[in-house]
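**Student:** mmCIF, C-alpha atoms, saved as start-v3.cif, coming up:
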data_target
#
loop_
_atom_site.label_atom_id
_atom_site.label_comp_id
_atom_site.auth_asym_id
_atom_site.auth_seq_id
_atom_site.Cartn_x
_atom_site.Cartn_y
_atom_site.Cartn_z
CA MET W 1 -16.26 -33.61 -50.53
CA SER W 2 -16.29 -33.05 -54.28
CA THR W 3 -14.15 -30.69 -56.30
CA PRO W 4 -15.76 -27.71 -58.10
CA SER W 5 -16.86 -28.52 -61.64
CA GLY W 6 -16.43 -24.98 -62.95
CA ASN W 7 -20.18 -24.46 -63.01
CA SER W 8 -20.64 -22.86 -59.61
CA PRO W 9 -22.19 -19.37 -59.42
CA SER W 10 -18.80 -17.84 -58.67
CA THR W 11 -17.28 -19.19 -61.89
CA ARG W 12 -20.15 -18.46 -64.31
CA ASN W 13 -19.85 -15.57 -66.70
CA SER W 14 -22.63 -13.05 -67.41
CA THR W 15 -24.39 -15.37 -69.87
CA GLY W 16 -24.80 -18.07 -67.24
CA THR W 17 -22.41 -20.53 -68.84
CA ALA W 18 -19.36 -21.89 -67.12
CA GLY W 19 -16.26 -19.77 -67.56
CA THR W 20 -12.77 -19.49 -66.27
CA GLY W 21 -13.66 -16.87 -63.67
CA THR W 22 -10.97 -14.52 -64.96
CA ALA W 23 -13.19 -12.06 -66.85
CA ASP W 24 -12.53 -8.43 -66.10
CA ALA W 25 -15.29 -6.84 -64.01
CA ARG W 26 -15.38 -3.77 -66.26
CA THR W 27 -16.19 -5.80 -69.37
CA ALA W 28 -18.85 -7.89 -67.65
CA ASP W 29 -20.98 -4.79 -66.94
CA ALA W 30 -20.84 -3.28 -70.42
CA GLY W 31 -24.13 -2.15 -71.91
CA PRO W 32 -27.24 -0.24 -70.89
CA ALA W 33 -27.02 -1.34 -67.27
CA ARG W 34 -24.03 0.97 -66.69
CA THR W 35 -26.14 4.11 -67.31
CA GLY W 36 -28.24 3.51 -64.19
CA GLY W 37 -26.29 6.10 -62.22
CA ALA W 38 -27.49 8.92 -64.46
CA TYR W 39 -31.10 7.81 -64.13
CA GLN W 40 -30.74 7.57 -60.37
CA ALA W 41 -29.39 11.12 -60.23
CA VAL W 42 -32.31 12.44 -62.31
CA ALA W 43 -34.78 10.50 -60.14
CA LEU W 44 -33.21 11.98 -57.01
CA VAL W 45 -33.44 15.54 -58.34
CA LEU W 46 -37.07 15.05 -59.38
CA ALA W 47 -37.92 13.52 -56.01
CA LEU W 48 -36.38 16.52 -54.24
CA ILE W 49 -38.41 18.90 -56.41
CA VAL W 50 -41.63 17.03 -55.60
CA ILE W 51 -40.82 16.93 -51.88
CA ALA W 52 -40.04 20.67 -51.89
CA ALA W 53 -43.33 21.42 -53.66
CA LEU W 54 -45.27 19.30 -51.17
CA ALA W 55 -43.53 20.99 -48.24
CA TYR W 56 -44.33 24.43 -49.69
CA GLY W 57 -47.98 23.48 -50.10
CA LEU W 58 -48.12 22.13 -46.56
CA VAL W 59 -46.66 25.36 -45.13
CA GLN W 60 -49.06 27.51 -47.14
CA THR W 61 -52.00 25.40 -45.98
CA ALA W 62 -50.87 25.65 -42.37
CA LEU W 63 -50.58 29.44 -42.66
CA LYS W 64 -54.07 29.78 -44.11
CA ALA W 65 -55.53 27.39 -41.52
CA SER W 66 -53.90 29.32 -38.69
CA ALA W 67 -55.33 32.56 -40.09
CA LEU W 68 -58.82 31.07 -39.75
CA PHE W 69 -58.31 30.49 -36.01
CA THR W 70 -56.42 33.71 -35.18
CA GLY W 71 -58.75 35.99 -37.09
#
Would you give me this structure, written as structure tokens?

**Tutor:**
Amino acid sequence: MSTPSGNSPSTRNSTGTAGTGTADARTADAGPARTGGAYQAVALVLALIVIAALAYGLVQTALKASALFTG
């Protein structure tokens, strides 16, 4: 069994080069990737609006279709 060379995936830093493995997790994620939570929240709100609009349209269509059959 060989000893780790310092180039295993668990010891690489964010640039892909071998590191000491002691980098702080907060500094490794700095940059545009940290703003993903805001975009996910906006996407969720927009998805809920679209789903609500589709549900409203479906209910209105069902009401009009039922009016055709009930007279």

**Student:** For the atom pair atom CA of W:Leu54 and atom CA of W:Ala38, what is the interatomic distance in Å to one decimal place?

**Tutor:**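 Atom CA of W:Ala38 lies 24.5 Å from atom CA of W:Leu54.
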
**Student:** What separation in Å, quoted to one decimal, exists between atom CA of W:Ala47 and atom CA of W:Lys64?

**Tutor:**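 Separation between atom CA of W:Ala47 and atom CA of W:Lys64: 25.8 Å.
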
**Student:** At what distance in Å, to one decimal, does atom CA of W:Val50 lie from atom CA of W:Ala65?

**Tutor:**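 Interatomic distance here is 22.3 Å.
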